[in-house]
file model09.cif (mmCIF, C-alpha atoms (C1' of nucleotides))
data_model
#
loop_
_atom_site.label_atom_id
_atom_site.label_comp_id
_atom_site.auth_asym_id
_atom_site.auth_seq_id
_atom_site.Cartn_x
_atom_site.Cartn_y
_atom_site.Cartn_z
CA MET X 175 77.48 206.43 32.32
CA ALA X 176 73.91 206.36 33.53
CA SER X 177 72.85 208.05 36.75
CA GLY X 178 70.88 206.01 39.24
CA GLU X 179 67.76 207.82 38.27
CA GLU X 180 68.24 207.04 34.60
CA THR X 181 68.93 203.41 35.31
CA PHE X 182 65.74 203.25 37.29
CA GLN X 183 63.66 204.89 34.57
CA ALA X 184 65.12 202.53 32.01
CA TYR X 185 64.26 199.58 34.20
CA LEU X 186 60.68 200.73 34.57
CA ARG X 187 60.27 201.20 30.86
CA ARG X 188 61.83 197.86 30.11
CA GLN X 189 59.36 196.18 32.47
CA GLY X 190 56.35 198.00 31.11
CA LEU X 191 55.96 199.83 34.40
CA LYS X 192 55.02 203.45 34.77
CA THR X 193 56.94 206.49 35.79
CA THR X 194 54.93 208.24 38.42
CA ARG X 195 55.28 211.34 40.54
CA GLN X 196 55.82 209.30 43.66
CA ARG X 197 58.33 206.88 42.16
CA THR X 198 60.38 209.74 40.88
CA ALA X 199 60.24 211.56 44.18
CA ILE X 200 61.15 208.47 46.18
CA ALA X 201 64.00 207.48 43.88
CA ARG X 202 65.44 210.99 43.91
CA GLU X 203 65.26 211.25 47.66
CA PHE X 204 66.78 207.80 48.05
CA LEU X 205 69.67 208.52 45.74
CA SER X 206 70.51 211.77 47.45
CA SER X 207 70.16 210.22 50.88
CA HIS X 208 72.86 209.10 53.19
CA ARG X 209 73.84 205.50 53.19
CA HIS X 210 71.88 202.79 54.98
CA ILE X 211 68.46 204.26 55.04
CA THR X 212 65.48 202.40 56.34
CA ALA X 213 62.10 202.25 54.60
CA GLU X 214 60.58 204.23 57.42
CA GLY X 215 63.43 206.72 57.38
CA LEU X 216 63.14 207.26 53.67
CA HIS X 217 59.42 207.73 54.04
CA ARG X 218 60.04 210.40 56.64
CA SER X 219 62.38 212.25 54.27
CA VAL X 220 60.06 211.96 51.33
CA SER X 221 57.10 213.09 53.38
CA ARG X 222 58.75 216.40 54.11
CA LYS X 223 58.26 217.61 50.56
CA ASN X 224 55.50 215.24 49.66
CA PRO X 225 53.28 214.42 52.62
CA ALA X 226 50.77 212.50 50.53
CA ILE X 227 53.12 209.64 49.68
CA GLY X 228 52.43 206.57 51.75
CA LEU X 229 54.87 204.26 53.46
CA VAL X 230 53.51 201.41 51.38
CA THR X 231 54.63 203.06 48.19
CA VAL X 232 58.07 203.61 49.63
CA TYR X 233 58.33 199.90 50.35
CA ARG X 234 57.20 199.08 46.85
CA THR X 235 59.55 201.53 45.24
CA LEU X 236 62.53 200.38 47.27
CA LYS X 237 61.87 196.89 46.04
CA LEU X 238 61.82 198.15 42.46
CA LEU X 239 65.02 200.10 43.00
CA ALA X 240 66.64 196.94 44.25
CA GLN X 241 65.42 195.00 41.24
CA ALA X 242 66.77 197.72 38.99
CA GLY X 243 70.13 197.28 40.66
CA VAL X 244 70.12 200.82 41.97
CA ALA X 245 69.58 199.89 45.61
CA LYS X 246 71.12 197.20 47.73
CA GLU X 247 69.16 195.67 50.56
CA ARG X 248 71.07 194.98 53.74
CA ARG X 249 69.93 193.36 56.90
CA PHE X 250 72.24 193.83 59.81
CA GLY X 251 71.60 192.17 63.13
CA ALA X 252 68.46 194.18 63.70
CA ASN X 253 64.91 193.54 62.72
CA GLU X 254 64.50 196.01 59.91
CA SER X 255 66.18 196.21 56.51
CA CYS X 256 68.43 199.01 55.37
CA TYR X 257 68.85 200.06 51.79
CA GLU X 258 71.86 201.77 50.29
CA PRO X 259 72.53 203.26 46.87
CA ALA X 260 74.43 200.66 44.90
CA ALA X 261 76.04 203.05 42.46
CA ALA X 262 78.89 204.75 44.29
CA GLY X 263 82.12 202.80 44.18
CA GLY X 264 82.44 199.06 44.07
CA HIS X 265 81.47 196.55 46.67
CA HIS X 266 82.21 197.24 50.28
CA ASP X 267 81.69 195.56 53.61
CA HIS X 268 80.61 196.75 57.01
CA MET X 269 81.72 197.09 60.59
CA ILE X 270 78.85 197.59 62.99
CA CYS X 271 79.42 199.01 66.45
CA LYS X 272 77.30 197.24 69.02
CA ILE X 273 77.47 200.16 71.41
CA CYS X 274 76.56 203.20 69.34
CA GLY X 275 75.06 201.39 66.36
CA LYS X 276 77.22 203.26 63.85
CA ILE X 277 78.06 201.53 60.63
CA PHE X 278 81.51 201.84 59.06
CA GLU X 279 82.35 200.75 55.55
CA PHE X 280 85.53 199.23 54.30
CA GLU X 281 86.87 197.49 51.29
CA ASN X 282 89.49 194.83 51.08
CA VAL X 283 90.53 193.31 47.83
CA LYS X 284 92.59 190.59 49.41
CA ILE X 285 89.63 189.25 51.34
CA GLU X 286 87.57 189.17 48.18
CA GLY X 287 90.31 187.28 46.46
CA LEU X 288 90.38 184.66 49.19
CA GLN X 289 86.63 184.36 49.01
CA ASP X 290 86.85 183.59 45.34
CA ARG X 291 89.45 180.97 46.01
CA VAL X 292 87.41 179.27 48.72
CA ALA X 293 84.34 179.30 46.51
CA ALA X 294 86.27 177.84 43.62
CA GLU X 295 87.54 175.02 45.80
CA HIS X 296 83.94 174.05 46.48
CA GLY X 297 82.73 174.50 42.92
CA PHE X 298 80.57 177.33 44.15
CA LEU X 299 79.74 180.31 41.94
CA ILE X 300 79.64 183.54 43.96
CA GLN X 301 77.00 186.03 42.95
CA ASP X 302 77.08 188.21 46.00
CA HIS X 303 78.57 188.27 49.43
CA LYS X 304 78.22 189.84 52.78
CA LEU X 305 80.91 190.43 55.35
CA GLU X 306 80.01 192.07 58.60
CA LEU X 307 82.24 192.68 61.58
CA TYR X 308 80.45 193.30 64.86
CA GLY X 309 82.20 194.87 67.79
CA VAL X 310 83.17 198.16 69.35
CA CYS X 311 84.28 201.19 67.37
CA ARG X 312 87.19 203.43 68.22
CA GLY X 313 85.01 206.11 69.75
CA CYS X 314 83.12 203.75 72.02
CA ARG X 315 86.25 201.97 73.20
CA LYS X 316 87.28 205.14 74.96
CA VAL X 317 84.05 205.38 76.92
CA LYS X 318 84.32 202.73 79.59
CA PRO X 319 81.07 202.43 81.62
CA GLY X 320 77.64 201.12 80.71
CA ALA X 321 77.76 203.65 77.92
CA ARG X 322 75.05 205.01 75.70
CA ARG X 323 72.74 202.83 73.68
CA ARG X 324 71.56 203.84 70.27
CA LYS X 325 68.16 205.35 69.55
CA MET V 19 85.06 169.28 78.79
CA ALA V 20 81.41 170.00 79.31
CA SER V 21 78.75 168.75 76.93
CA GLY V 22 76.31 171.26 75.56
CA GLU V 23 73.66 169.94 77.86
CA GLU V 24 75.85 170.34 80.91
CA THR V 25 76.81 173.86 79.93
CA PHE V 26 73.17 174.70 79.59
CA GLN V 27 72.26 173.22 82.98
CA ALA V 28 75.10 175.11 84.57
CA TYR V 29 73.92 178.32 82.97
CA LEU V 30 70.40 177.81 84.28
CA ARG V 31 71.60 177.15 87.78
CA ARG V 32 73.92 180.12 87.70
CA GLN V 33 71.02 182.35 86.71
CA GLY V 34 68.65 180.98 89.30
CA LEU V 35 66.49 179.48 86.57
CA LYS V 36 64.83 176.14 86.70
CA THR V 37 65.51 172.90 84.94
CA THR V 38 62.26 171.71 83.48
CA ARG V 39 61.07 168.76 81.48
CA GLN V 40 60.53 170.90 78.42
CA ARG V 41 63.83 172.75 78.60
CA THR V 42 65.69 169.50 78.86
CA ALA V 43 63.76 167.98 75.99
CA ILE V 44 64.24 171.01 73.76
CA ALA V 45 67.95 171.32 74.53
CA ARG V 46 68.53 167.64 73.90
CA GLU V 47 66.68 167.69 70.61
CA PHE V 48 68.48 170.85 69.56
CA LEU V 49 71.91 169.48 70.33
CA SER V 50 71.29 166.27 68.46
CA SER V 51 69.73 168.10 65.54
CA HIS V 52 71.30 168.92 62.25
CA ARG V 53 72.82 172.31 61.77
CA HIS V 54 70.82 175.43 61.01
CA ILE V 55 67.51 174.57 62.51
CA THR V 56 64.68 177.01 62.66
CA ALA V 57 62.51 177.61 65.72
CA GLU V 58 59.57 176.13 63.91
CA GLY V 59 61.62 173.19 62.70
CA LEU V 60 62.90 172.42 66.16
CA HIS V 61 59.38 172.62 67.50
CA ARG V 62 58.29 170.09 64.93
CA SER V 63 61.05 167.70 66.00
CA VAL V 64 60.35 168.14 69.68
CA SER V 65 56.63 167.70 69.16
CA ARG V 66 57.15 164.24 67.80
CA LYS V 67 58.05 162.86 71.20
CA ASN V 68 56.47 165.58 73.24
CA PRO V 69 53.38 167.00 71.59
CA ALA V 70 52.46 169.15 74.56
CA ILE V 71 55.43 171.49 74.25
CA GLY V 72 54.48 174.78 72.67
CA LEU V 73 56.30 176.76 70.02
CA VAL V 74 56.55 179.63 72.47
CA THR V 75 58.62 177.57 74.83
CA VAL V 76 60.91 176.56 72.00
CA TYR V 77 61.51 180.22 71.21
CA ARG V 78 62.21 180.96 74.84
CA THR V 79 64.54 178.01 75.25
CA LEU V 80 66.46 178.80 72.08
CA LYS V 81 67.07 182.25 73.46
CA LEU V 82 68.37 180.75 76.67
CA LEU V 83 70.59 178.34 74.78
CA ALA V 84 72.04 181.27 72.90
CA GLN V 85 72.67 183.15 76.12
CA ALA V 86 74.34 180.09 77.56
CA GLY V 87 76.63 180.09 74.55
CA VAL V 88 75.39 176.71 73.42
CA ALA V 89 73.49 177.98 70.39
CA LYS V 90 74.39 180.55 67.78
CA GLU V 91 71.69 182.57 66.11
CA ARG V 92 72.09 183.18 62.39
CA ARG V 93 70.00 185.17 60.03
CA PHE V 94 70.62 184.50 56.40
CA GLY V 95 68.92 186.46 53.66
CA ALA V 96 65.55 185.06 54.61
CA ASN V 97 63.00 186.25 57.07
CA GLU V 98 63.43 183.70 59.83
CA SER V 99 66.35 182.99 62.13
CA CYS V 100 68.31 179.78 62.17
CA TYR V 101 70.07 178.40 65.20
CA GLU V 102 73.05 176.12 65.21
CA PRO V 103 74.88 174.27 67.96
CA ALA V 104 77.88 176.38 68.87
CA ALA V 105 79.96 173.60 70.32
CA ALA V 106 81.38 171.65 67.40
CA GLY V 107 84.55 173.13 65.98
CA GLY V 108 85.53 176.76 65.94
CA HIS V 109 84.01 179.55 63.98
CA HIS V 110 82.93 178.93 60.44
CA ASP V 111 81.29 180.84 57.63
CA HIS V 112 78.61 180.01 55.13
CA MET V 113 77.93 179.65 51.43
CA ILE V 114 74.25 179.76 50.60
CA CYS V 115 72.95 178.44 47.30
CA LYS V 116 70.25 180.67 45.90
CA ILE V 117 68.82 177.88 43.80
CA CYS V 118 68.41 174.95 46.16
CA GLY V 119 68.75 176.83 49.43
CA LYS V 120 71.45 174.51 50.76
CA ILE V 121 73.93 175.93 53.20
CA PHE V 122 77.59 174.95 53.07
CA GLU V 123 80.10 175.70 55.78
CA PHE V 124 83.71 176.62 55.43
CA GLU V 125 86.53 177.96 57.46
CA ASN V 126 89.38 180.14 56.35
CA VAL V 127 92.01 181.32 58.73
CA LYS V 128 93.59 183.72 56.28
CA ILE V 129 90.36 185.63 55.84
CA GLU V 130 89.97 185.92 59.57
CA GLY V 131 93.48 187.25 59.80
CA LEU V 132 92.78 189.90 57.23
CA GLN V 133 89.61 190.85 59.06
CA ASP V 134 91.60 191.43 62.20
CA ARG V 135 94.03 193.57 60.32
CA VAL V 136 91.33 195.71 58.74
CA ALA V 137 89.61 196.14 62.08
CA ALA V 138 92.86 197.12 63.74
CA GLU V 139 93.49 199.76 61.10
CA HIS V 140 90.20 201.36 62.06
CA GLY V 141 90.64 201.00 65.81
CA PHE V 142 87.71 198.64 65.79
CA LEU V 143 87.44 195.77 68.27
CA ILE V 144 85.90 192.69 66.68
CA GLN V 145 83.60 190.65 68.86
CA ASP V 146 81.92 188.61 66.20
CA HIS V 147 81.68 188.42 62.47
CA LYS V 148 79.60 187.06 59.70
CA LEU V 149 80.71 186.12 56.23
CA GLU V 150 78.21 184.79 53.78
CA LEU V 151 78.70 183.96 50.15
CA TYR V 152 75.57 183.80 48.05
CA GLY V 153 75.51 182.09 44.69
CA VAL V 154 75.09 178.75 43.00
CA CYS V 155 76.42 175.49 44.37
CA ARG V 156 78.20 172.84 42.38
CA GLY V 157 75.13 170.66 42.09
CA CYS V 158 72.87 173.41 40.83
CA ARG V 159 75.41 174.68 38.32
CA LYS V 160 74.94 171.50 36.38
CA VAL V 161 71.21 171.93 36.08
CA LYS V 162 70.69 174.63 33.51
CA PRO V 163 67.00 175.60 33.14
CA GLY V 164 64.61 177.41 35.47
CA ALA V 165 65.54 174.76 38.01
CA ARG V 166 63.93 173.78 41.25
CA ARG V 167 63.20 176.17 44.04
CA ARG V 168 63.53 175.24 47.64
CA LYS V 169 60.67 174.29 49.93
"C1'" DA L 173 57.21 165.59 103.52
"C1'" DT L 174 54.54 170.00 103.25
"C1'" DT L 175 54.33 174.40 102.34
"C1'" DA L 176 55.82 178.69 100.53
"C1'" DT L 177 58.18 181.03 97.00
"C1'" DT L 178 59.34 181.87 92.62
"C1'" DA L 179 59.92 180.57 87.94
"C1'" DT L 180 57.67 178.26 83.88
"C1'" DT L 181 54.21 176.95 80.88
"C1'" DG L 182 50.73 177.22 77.01
"C1'" DA L 183 47.26 179.79 74.74
"C1'" DA L 184 45.87 183.79 73.10
"C1'" DA L 185 46.76 188.39 72.25
"C1'" DA L 186 50.18 191.88 71.00
"C1'" DC L 187 53.98 193.22 68.20
"C1'" DG L 188 56.76 195.40 64.43
"C1'" DA L 189 58.11 195.06 59.87
"C1'" DT L 190 56.49 194.09 55.56
"C1'" DT L 191 52.91 192.61 52.07
"C1'" DT L 192 48.43 192.16 50.14
"C1'" DT L 193 43.76 193.57 49.00
"C1'" DC L 194 40.73 196.61 47.01
"C1'" DA L 195 38.44 200.62 45.39
"C1'" DT L 196 39.96 204.75 43.31
"C1'" DG L 197 43.19 207.62 40.68
"C1'" DT L 198 46.99 208.11 37.21
"C1'" DT L 199 49.85 207.16 33.21
"C1'" DC L 200 50.62 205.76 28.67
"C1'" DT L 201 49.11 204.28 24.13
"C1'" DT L 202 46.39 205.24 20.12
"C1'" DA F 137 40.09 212.28 24.33
"C1'" DA F 138 39.30 207.36 25.55
"C1'" DG F 139 40.54 202.97 27.03
"C1'" DA F 140 43.52 199.67 28.97
"C1'" DA F 141 46.78 198.75 32.26
"C1'" DC F 142 49.16 199.98 36.01
"C1'" DA F 143 49.85 202.60 40.57
"C1'" DT F 144 48.22 204.49 44.75
"C1'" DG F 145 46.78 204.90 49.74
"C1'" DA F 146 44.36 203.01 53.57
"C1'" DA F 147 43.16 199.31 55.95
"C1'" DA F 148 43.53 194.58 56.65
"C1'" DA F 149 46.42 190.56 56.37
"C1'" DT F 150 50.85 188.02 57.16
"C1'" DC F 151 54.90 186.36 59.16
"C1'" DG F 152 58.08 185.57 62.70
"C1'" DT F 153 58.59 186.60 67.26
"C1'" DT F 154 57.43 188.44 71.97
"C1'" DT F 155 54.43 189.54 75.71
"C1'" DT F 156 50.60 188.89 78.90
"C1'" DC F 157 48.19 186.16 82.03
"C1'" DA F 158 46.15 182.53 84.64
"C1'" DA F 159 47.36 177.98 85.76
"C1'" DT F 160 51.18 174.75 86.92
"C1'" DA F 161 55.56 172.93 88.33
"C1'" DA F 162 60.23 173.20 90.42
"C1'" DT F 163 63.04 174.52 94.25
"C1'" DA F 164 63.77 176.37 98.96
"C1'" DA F 165 62.30 176.68 103.55
"C1'" DT F 166 59.94 174.60 107.15
#
call {"tool": "encode", "arguments": {"input": "model09.cif", "output": "structure tokens"}}
result
Amino acid sequence: MASGEETFQAYLRRQGLKTTRQRTAIAREFLSSHRHITAEGLHRSVSRKNPAIGLVTVYRTLKLLAQAGVAKERRFGANESCYEPAAAGGHHDHMICKICGKIFEFENVKIEGLQDRVAAEHGFLIQDHKLELYGVCRGCRKVKPGARRRK
Amino acid sequence: MASGEETFQAYLRRQGLKTTRQRTAIAREFLSSHRHITAEGLHRSVSRKNPAIGLVTVYRTLKLLAQAGVAKERRFGANESCYEPAAAGGHHDHMICKICGKIFEFENVKIEGLQDRVAAEHGFLIQDHKLELYGVCRGCRKVKPGARRRK
DNA sequence: ATTATTATTGAAAACGATTTTCATGTTCTT
DNA sequence: AAGAACATGAAAATCGTTTTCAATAATAAT
């Protein structure tokens, strides 16, 4: 089975695009990154080892990674997009804590099954889906007052 | 039971805000509008009868309507936010056709139940949720080729 | 009613995230 | 090595949305 990096290279070749220093660096950093990284965040990481790489190129490469199926773009309530490596495990959904901003992942086969059924009833062909639960996480439920805000 | 307009008025009064010509006009147009209207779209509608009202005021009023609980803000894959009247019926979810851009609504109590269960397992308190199915609608499935794109 | 107070408005400017433009640099093919 | 095609970074452009600010309108106090 192909690693994310290989899949990406293959995609580039297939599209007649070029494998460059910066694309390789960005892809590698992205794939070894934690989940839900932002373009700006990824740029910060990449810059550590490779200060010459511009934010613009990170944006462009993230888009390519998404097209290659290696990255998934997510847009939670906020203004900016997050990307996550698509490889690991199957599909999963998210719980977002409105207090601390943390994002929790979960997976539920039964829900997916029901989605399929609903879609079928409407003659709708599902290609992708997004389920997000917004609320308060366990940790933050214990802290009563005005509480901390993220960032 | 209070109409959306009444709820909005009440909210304004409660907050020490003022009832103005433009707020009334915008709220009325919004409430009588079709679902999933965009700030720009609403402005276009309002402008028809009231050309002097600025887009800025529409943005501001939509925010107030949301705070009053009369409007719900949604952000589907795209770049711009949609608003929909919150009043009619309970919560519902969306199927978005990637070909024609149409948005279909559905409701499924079983899914909501499962969501609650998952959340409970994680000690998470759900305040809101969002379920979106992306794919191809019945109509577009019949049209094979490159097909039409929205807008 | 009139005035005083405070909120609201529209236009233009500011904003943040993302994209495009463009001149220059790099990769890949032969 | 040479040429063609693509990629890069910086700055400028875009898009949706928010803020600023001077002028105006709504409500409260007189």
call {"tool": "resolve_selection", "arguments": {"input": "model09.cif", "expression": "the PyMOL selection byres ((chain V and resi 20-29) around 12)", "output": "ChimeraX atom specification"}}
result
/V:19,30-38,41-50,79-89,102-106
call {"tool": "resolve_selection", "arguments": {"input": "model09.cif", "expression": "the PyMOL selection byres ((chain F and resi 140) around 9)", "output": "list in words"}}
result
DT201 of chain L; DG139 and DA141 of chain F
call {"tool": "atom_distance", "arguments": {"input": "model09.cif", "atom1": "CA of Thr75 in chain V", "atom2": "CA of Ser63 in chain V"}}
result
13.5 Å
call {"tool": "calpha_fit_and_write", "arguments": {"input": "model09.cif", "fixed": "chain X", "moving": "chain V", "output": "compact mmCIF listing (two decimals) with C-alpha atoms, keeping the file's coordinate frame"}}
result
# COMPACT_ATOMS: atom_id res chain seq x y z
CA MET V 19 77.39 206.70 32.34
CA ALA V 20 73.84 206.63 33.55
CA SER V 21 72.78 208.27 36.79
CA GLY V 22 70.84 206.20 39.25
CA GLU V 23 67.70 208.01 38.31
CA GLU V 24 68.18 207.31 34.63
CA THR V 25 68.88 203.65 35.28
CA PHE V 26 65.70 203.45 37.26
CA GLN V 27 63.62 205.14 34.55
CA ALA V 28 65.09 202.82 31.98
CA TYR V 29 64.24 199.83 34.12
CA LEU V 30 60.65 200.98 34.49
CA ARG V 31 60.23 201.50 30.79
CA ARG V 32 61.81 198.17 30.00
CA GLN V 33 59.34 196.46 32.31
CA GLY V 34 56.32 198.28 30.98
CA LEU V 35 55.91 200.07 34.30
CA LYS V 36 54.95 203.65 34.73
CA THR V 37 56.87 206.68 35.81
CA THR V 38 54.88 208.38 38.49
CA ARG V 39 55.22 211.45 40.64
CA GLN V 40 55.77 209.37 43.74
CA ARG V 41 58.28 206.97 42.21
CA THR V 42 60.33 209.86 40.95
CA ALA V 43 60.18 211.62 44.29
CA ILE V 44 61.11 208.50 46.24
CA ALA V 45 63.96 207.57 43.91
CA ARG V 46 65.37 211.08 44.00
CA GLU V 47 65.22 211.28 47.77
CA PHE V 48 66.75 207.83 48.08
CA LEU V 49 69.63 208.60 45.78
CA SER V 50 70.47 211.82 47.54
CA SER V 51 70.11 210.22 50.95
CA HIS V 52 72.83 209.07 53.23
CA ARG V 53 73.82 205.45 53.18
CA HIS V 54 71.89 202.71 54.94
CA ILE V 55 68.45 204.17 55.03
CA THR V 56 65.50 202.27 56.30
CA ALA V 57 62.12 202.12 54.58
CA GLU V 58 60.60 204.05 57.42
CA GLY V 59 63.43 206.56 57.41
CA LEU V 60 63.12 207.17 53.71
CA HIS V 61 59.40 207.62 54.10
CA ARG V 62 60.02 210.24 56.73
CA SER V 63 62.35 212.14 54.40
CA VAL V 64 60.01 211.91 51.46
CA SER V 65 57.05 212.98 53.56
CA ARG V 66 58.69 216.27 54.34
CA LYS V 67 58.18 217.55 50.82
CA ASN V 68 55.43 215.19 49.86
CA PRO V 69 53.22 214.29 52.80
CA ALA V 70 50.72 212.41 50.69
CA ILE V 71 53.08 209.58 49.77
CA GLY V 72 52.41 206.47 51.80
CA LEU V 73 54.87 204.14 53.47
CA VAL V 74 53.51 201.33 51.33
CA THR V 75 54.61 203.05 48.18
CA VAL V 76 58.06 203.58 49.63
CA TYR V 77 58.33 199.85 50.28
CA ARG V 78 57.19 199.09 46.77
CA THR V 79 59.54 201.60 45.19
CA LEU V 80 62.52 200.41 47.20
CA LYS V 81 61.86 196.94 45.90
CA LEU V 82 61.81 198.26 42.36
CA LEU V 83 65.00 200.21 42.92
CA ALA V 84 66.64 197.03 44.12
CA GLN V 85 65.43 195.14 41.07
CA ALA V 86 66.75 197.89 38.86
CA GLY V 87 70.12 197.43 40.52
CA VAL V 88 70.10 200.94 41.89
CA ALA V 89 69.58 199.95 45.52
CA LYS V 90 71.12 197.21 47.60
CA GLU V 91 69.17 195.65 50.41
CA ARG V 92 71.10 194.89 53.59
CA ARG V 93 70.00 193.25 56.74
CA PHE V 94 72.29 193.71 59.67
CA GLY V 95 71.71 192.02 62.99
CA ALA V 96 68.55 194.00 63.57
CA ASN V 97 65.01 193.33 62.58
CA GLU V 98 64.57 195.83 59.78
CA SER V 99 66.21 196.08 56.38
CA CYS V 100 68.45 198.90 55.28
CA TYR V 101 68.85 200.02 51.70
CA GLU V 102 71.84 201.74 50.23
CA PRO V 103 72.51 203.31 46.85
CA ALA V 104 74.39 200.73 44.82
CA ALA V 105 76.02 203.14 42.43
CA ALA V 106 78.90 204.74 44.29
CA GLY V 107 82.08 202.70 44.22
CA GLY V 108 82.35 198.95 44.03
CA HIS V 109 81.44 196.43 46.63
CA HIS V 110 82.19 197.15 50.23
CA ASP V 111 81.70 195.49 53.58
CA HIS V 112 80.61 196.71 56.97
CA MET V 113 81.74 197.10 60.55
CA ILE V 114 78.87 197.61 62.94
CA CYS V 115 79.44 199.06 66.39
CA LYS V 116 77.33 197.31 68.98
CA ILE V 117 77.48 200.25 71.33
CA CYS V 118 76.55 203.26 69.24
CA GLY V 119 75.06 201.43 66.28
CA LYS V 120 77.21 203.27 63.75
CA ILE V 121 78.05 201.50 60.54
CA PHE V 122 81.49 201.82 58.97
CA GLU V 123 82.34 200.71 55.47
CA PHE V 124 85.51 199.17 54.22
CA GLU V 125 86.85 197.40 51.22
CA ASN V 126 89.49 194.74 51.07
CA VAL V 127 90.53 193.17 47.84
CA LYS V 128 92.62 190.48 49.46
CA ILE V 129 89.67 189.15 51.40
CA GLU V 130 87.60 189.02 48.27
CA GLY V 131 90.36 187.10 46.57
CA LEU V 132 90.46 184.56 49.33
CA GLN V 133 86.70 184.22 49.17
CA ASP V 134 86.93 183.37 45.51
CA ARG V 135 89.56 180.80 46.23
CA VAL V 136 87.54 179.12 48.97
CA ALA V 137 84.46 179.08 46.78
CA ALA V 138 86.40 177.58 43.91
CA GLU V 139 87.70 174.81 46.13
CA HIS V 140 84.12 173.83 46.84
CA GLY V 141 82.88 174.20 43.28
CA PHE V 142 80.71 177.03 44.47
CA LEU V 143 79.83 179.96 42.21
CA ILE V 144 79.70 183.23 44.14
CA GLN V 145 77.04 185.68 43.10
CA ASP V 146 77.11 187.92 46.11
CA HIS V 147 78.61 188.07 49.53
CA LYS V 148 78.26 189.70 52.86
CA LEU V 149 80.95 190.36 55.40
CA GLU V 150 80.08 192.05 58.63
CA LEU V 151 82.28 192.69 61.60
CA TYR V 152 80.51 193.35 64.87
CA GLY V 153 82.25 194.96 67.79
CA VAL V 154 83.20 198.29 69.29
CA CYS V 155 84.29 201.30 67.29
CA ARG V 156 87.19 203.55 68.11
CA GLY V 157 84.99 206.22 69.62
CA CYS V 158 83.11 203.88 71.91
CA ARG V 159 86.26 202.13 73.09
CA LYS V 160 87.25 205.30 74.85
CA VAL V 161 84.04 205.52 76.81
CA LYS V 162 84.30 202.89 79.49
CA PRO V 163 81.07 202.57 81.53
CA GLY V 164 77.62 201.26 80.62
CA ALA V 165 77.73 203.76 77.79
CA ARG V 166 75.02 205.08 75.56
CA ARG V 167 72.73 202.92 73.53
CA ARG V 168 71.55 203.86 70.12
CA LYS V 169 68.17 205.35 69.30
call {"tool": "resolve_selection", "arguments": {"input": "model09.cif", "expression": "the PyMOL selection byres ((chain V) within 9 of (chain X))", "output": "PyMOL selection string"}}
result
chain V and resi 93-95+113+115+124-126+128-130+132-133+136-137+140-157+159
call {"tool": "closest_atom_pairs", "arguments": {"input": "model09.cif", "of": "chain L", "to": "chain X", "cutoff": "12 Å", "atoms": "all atoms listed in the file", "output": "tab-separated table"}}
result
residue	atom	partner	partner_atom	distance
L:DG188	C1'	X:Asn253	CA	8.5
L:DA189	C1'	X:Glu254	CA	6.5
L:DT190	C1'	X:Tyr233	CA	8.0
L:DT191	C1'	X:Val230	CA	8.8
L:DT192	C1'	X:Val230	CA	10.6
L:DG197	C1'	X:Thr194	CA	12.0
L:DT198	C1'	X:Thr194	CA	8.0
L:DT199	C1'	X:Lys192	CA	6.6
L:DC200	C1'	X:Lys192	CA	7.9
L:DT201	C1'	X:Gly190	CA	11.9
call {"tool": "interface_residues", "arguments": {"input": "model09.cif", "of": "chain F", "to": "chain V", "cutoff": "10 Å", "atoms": "all atoms listed in the file", "output": "list in words"}}
result
DC151, DG152, DT153, DT154, DA161, DA162 and DT163 of chain F
call {"tool": "atom_distance", "arguments": {"input": "model09.cif", "atom1": "CA of Lys90 in chain V", "atom2": "CA of His52 in chain V"}}
result
13.2 Å
call {"tool": "atom_distance", "arguments": {"input": "model09.cif", "atom1": "C1' of DC157 in chain F", "atom2": "C1' of DA176 in chain L"}}
result
21.4 Å
call {"tool": "residues_around", "arguments": {"input": "model09.cif", "residues": "DC194 in chain L", "least_positions_apart": "2", "cutoff": "12 Å", "atoms": "only C-alpha atoms (C1' of nucleotides)", "output": "list in words"}}
result
DT192 and DT196 of chain L; DT144, DG145, DA146, DA147 and DA148 of chain F
call {"tool": "write_last_selection", "arguments": {"input": "model09.cif", "atoms": "C-alpha atoms (C1' of nucleotides)", "output": "PDB file, in the frame of the given file"}}
result
ATOM      1  C1'  DT L 192      48.430 192.160  50.140  1.00  0.00           C
ATOM      2  C1'  DT L 196      39.960 204.750  43.310  1.00  0.00           C
TER       3       DT L 196
ATOM      4  C1'  DT F 144      48.220 204.490  44.750  1.00  0.00           C
ATOM      5  C1'  DG F 145      46.780 204.900  49.740  1.00  0.00           C
ATOM      6  C1'  DA F 146      44.360 203.010  53.570  1.00  0.00           C
ATOM      7  C1'  DA F 147      43.160 199.310  55.950  1.00  0.00           C
ATOM      8  C1'  DA F 148      43.530 194.580  56.650  1.00  0.00           C
TER       9       DA F 148
END
call {"tool": "residues_around", "arguments": {"input": "model09.cif", "residues": "DT156 in chain F", "least_positions_apart": "4", "cutoff": "10 Å", "atoms": "only C-alpha atoms (C1' of nucleotides)", "output": "ChimeraX atom specification"}}
result
/L:184-186
